[in-house]
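Undergrad: For reference, the file coords02.cif (mmCIF, C-alpha atoms; chains and numbers go by the auth columns) is included below:
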data_run
#
loop_
_atom_site.group_PDB
_atom_site.id
_atom_site.type_symbol
_atom_site.label_atom_id
_atom_site.label_comp_id
_atom_site.label_asym_id
_atom_site.label_seq_id
_atom_site.Cartn_x
_atom_site.Cartn_y
_atom_site.Cartn_z
_atom_site.B_iso_or_equiv
_atom_site.auth_seq_id
_atom_site.auth_asym_id
ATOM 1 C CA MET A 1 101.279 111.807 92.231 0.00 318 A
ATOM 2 C CA GLN A 2 103.519 108.716 92.239 0.00 319 A
ATOM 3 C CA HIS A 3 102.007 107.536 88.971 0.00 320 A
ATOM 4 C CA ILE A 4 103.148 110.687 87.113 0.00 321 A
ATOM 5 C CA LEU A 5 106.695 110.493 85.807 0.00 322 A
ATOM 6 C CA PRO A 6 109.074 113.475 86.112 0.00 323 A
ATOM 7 C CA ASP A 7 110.020 115.430 82.998 0.00 324 A
ATOM 8 C CA GLY A 8 112.512 113.587 80.803 0.00 325 A
ATOM 9 C CA PHE A 9 111.463 110.107 81.916 0.00 326 A
ATOM 10 C CA ARG A 10 109.651 107.610 79.696 0.00 327 A
ATOM 11 C CA LYS A 11 107.454 104.718 80.650 0.00 328 A
ATOM 12 C CA ILE A 12 109.605 101.617 80.458 0.00 329 A
ATOM 13 C CA ARG A 13 106.945 99.601 78.659 0.00 330 A
ATOM 14 C CA TYR A 14 107.605 101.632 75.503 0.00 331 A
ATOM 15 C CA PHE A 15 111.217 100.438 75.238 0.00 332 A
ATOM 16 C CA GLY A 16 113.111 97.169 74.971 0.00 333 A
ATOM 17 C CA PHE A 17 111.359 93.829 75.054 0.00 334 A
ATOM 18 C CA LEU A 18 108.205 95.368 76.541 0.00 335 A
ATOM 19 C CA ALA A 19 107.618 97.615 73.520 0.00 336 A
ATOM 20 C CA LEU A 20 104.387 96.600 71.821 0.00 337 A
ATOM 21 C CA ARG A 21 105.876 97.210 68.386 0.00 338 A
ATOM 22 C CA HIS A 22 108.231 94.212 68.598 0.00 339 A
ATOM 23 C CA ILE A 23 106.648 92.183 71.370 0.00 340 A
ATOM 24 C CA LYS A 24 106.287 88.860 69.517 0.00 341 A
ATOM 25 C CA ALA A 25 109.854 88.769 68.252 0.00 342 A
ATOM 26 C CA CYS A 26 111.304 89.967 71.536 0.00 343 A
ATOM 27 C CA TRP A 27 109.306 87.532 73.671 0.00 344 A
ATOM 28 C CA GLN A 28 110.352 84.649 71.438 0.00 345 A
ATOM 29 C CA GLN A 29 113.973 85.719 71.781 0.00 346 A
ATOM 30 C CA CYS A 30 113.625 86.077 75.577 0.00 347 A
ATOM 31 C CA HIS A 31 112.143 82.604 75.895 0.00 348 A
ATOM 32 C CA SER A 32 114.834 81.080 73.704 0.00 349 A
ATOM 33 C CA LEU A 33 117.568 82.751 75.782 0.00 350 A
ATOM 34 C CA ILE A 34 116.226 81.477 79.103 0.00 351 A
ATOM 35 C CA GLY A 35 115.388 78.080 77.645 0.00 352 A
ATOM 36 C CA LYS A 36 111.824 77.969 78.956 0.00 353 A
ATOM 37 C CA ASP A 37 108.466 78.998 77.591 0.00 354 A
ATOM 38 C CA THR A 38 107.065 80.192 80.883 0.00 355 A
ATOM 39 C CA PHE A 39 107.585 79.966 84.625 0.00 356 A
ATOM 40 C CA LEU A 40 103.879 79.606 85.373 0.00 357 A
ATOM 41 C CA PRO A 41 103.776 75.792 85.809 0.00 358 A
ATOM 42 C CA GLN A 42 106.424 75.993 88.535 0.00 359 A
ATOM 43 C CA LEU A 43 104.497 78.631 90.477 0.00 360 A
ATOM 44 C CA GLU A 44 100.932 77.573 89.752 0.00 361 A
ATOM 45 C CA GLY A 45 98.959 76.728 92.872 0.00 362 A
ATOM 46 C CA LEU A 46 101.507 78.209 95.285 0.00 363 A
ATOM 47 C CA SER A 47 100.649 80.894 97.816 0.00 364 A
ATOM 48 C CA ALA A 48 102.263 84.334 97.547 0.00 365 A
ATOM 49 C CA PHE A 49 104.542 83.386 100.465 0.00 366 A
ATOM 50 C CA GLU A 50 105.694 80.208 98.692 0.00 367 A
ATOM 51 C CA VAL A 51 106.277 82.094 95.425 0.00 368 A
ATOM 52 C CA LEU A 52 108.451 84.635 97.248 0.00 369 A
ATOM 53 C CA TRP A 53 110.375 81.804 98.925 0.00 370 A
ATOM 54 C CA HIS A 54 110.927 80.185 95.519 0.00 371 A
ATOM 55 C CA ILE A 55 112.117 83.448 93.934 0.00 372 A
ATOM 56 C CA ILE A 56 114.540 84.630 96.629 0.00 373 A
ATOM 57 C CA GLY A 57 115.694 81.147 97.641 0.00 374 A
ATOM 58 C CA LYS A 58 115.284 81.578 101.393 0.00 375 A
ATOM 59 C CA ASP A 59 112.544 81.813 103.993 0.00 376 A
ATOM 60 C CA PRO A 60 111.074 85.331 103.755 0.00 377 A
ATOM 61 C CA ALA A 61 109.754 85.100 107.332 0.00 378 A
ATOM 62 C CA LEU A 62 113.219 84.460 108.800 0.00 379 A
ATOM 63 C CA CYS A 63 114.202 87.246 111.183 0.00 380 A
ATOM 64 C CA PRO A 64 116.813 89.462 109.466 0.00 381 A
ATOM 65 C CA VAL A 65 118.406 90.305 112.828 0.00 382 A
ATOM 66 C CA CYS A 66 118.859 87.030 114.693 0.00 383 A
ATOM 67 C CA LYS A 67 118.512 84.656 111.685 0.00 384 A
ATOM 68 C CA HIS A 68 116.718 82.131 113.916 0.00 385 A
ATOM 69 C CA GLY A 69 113.275 83.444 114.763 0.00 386 A
ATOM 70 C CA VAL A 70 110.334 84.074 112.517 0.00 387 A
ATOM 71 C CA THR A 71 109.023 87.569 111.869 0.00 388 A
ATOM 72 C CA ARG A 72 105.381 88.022 112.731 0.00 389 A
ATOM 73 C CA THR A 73 102.770 90.667 112.123 0.00 390 A
ATOM 74 C CA THR A 74 102.209 92.598 115.330 0.00 391 A
ATOM 75 C CA LYS A 75 99.825 95.246 114.074 0.00 392 A
ATOM 76 C CA THR A 76 97.639 95.473 111.018 0.00 393 A
ATOM 77 C CA LEU A 77 96.422 98.668 109.449 0.00 394 A
ATOM 78 C CA PRO A 78 92.695 99.139 108.936 0.00 395 A
ATOM 79 C CA ALA A 79 91.441 98.614 105.402 0.00 396 A
ATOM 80 C CA SER A 80 90.997 101.834 103.485 0.00 397 A
ATOM 81 C CA GLY A 81 87.575 102.311 102.149 0.00 398 A
#
Now, as a test, write the supplied structure out as structure tokens.
TA:
Amino acid sequence: MQHILPDGFRKIRYFGFLALRHIKACWQQCHSLIGKDTFLPQLEGLSAFEVLWHIIGKDPALCPVCKHGVTRTTKTLPASG
């Protein structure tokens, strides 16, 4: 039921720059404000880990407790199917 919004809430894609009614004008304005057409060339060919590192500006595997070690997966959940 997480995909059903509570009463009084609207889907965000219907408002602001994501609204389909004004999407061309709004996207052009967004791109002019940030000064770039797209971020895709910077991230193209990178792994998900590298993209996350680029976005947050630090190593996402760095241990949040000791700040020296690397976090590792110790247990994986079985695939649902």
Undergrad: For His371 of chain A, find every residue with an atom within 12 Å (counting only C-alpha atoms), except residues of its own chain fewer than 4 positions away, and show them as number ranges by chain.
TA: A: 356, 359-361, 363-367, 375-377
Undergrad: Using the chain letters and numbers from the file, give me the residues hit by the PyMOL selection byres ((chain A and resi 378) around 8), as an NGL selection string.
TA: :A and (376-377 or 379-380 or 387-389)
Undergrad: I'd like the interatomic distance between atom CA of Leu322 of chain A and atom CA of Ala342 of chain A, to a tenth of an Å.
TA: 28.1 Å
Undergrad: Would you mind reading off the distance between atom CA of Gly386 of chain A and atom CA of Gly362 of chain A, one decimal, in Å?
TA: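 Distance between the two atoms: 27.0 Å.
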Undergrad: In Å, rounded to a single decimal, give me how far atom CA of Ile372 of chain A is from atom CA of Cys343 of chain A.
TA: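 So the two atoms, atom CA of Cys343 of chain A and atom CA of Ile372 of chain A, lie 23.3 Å apart.
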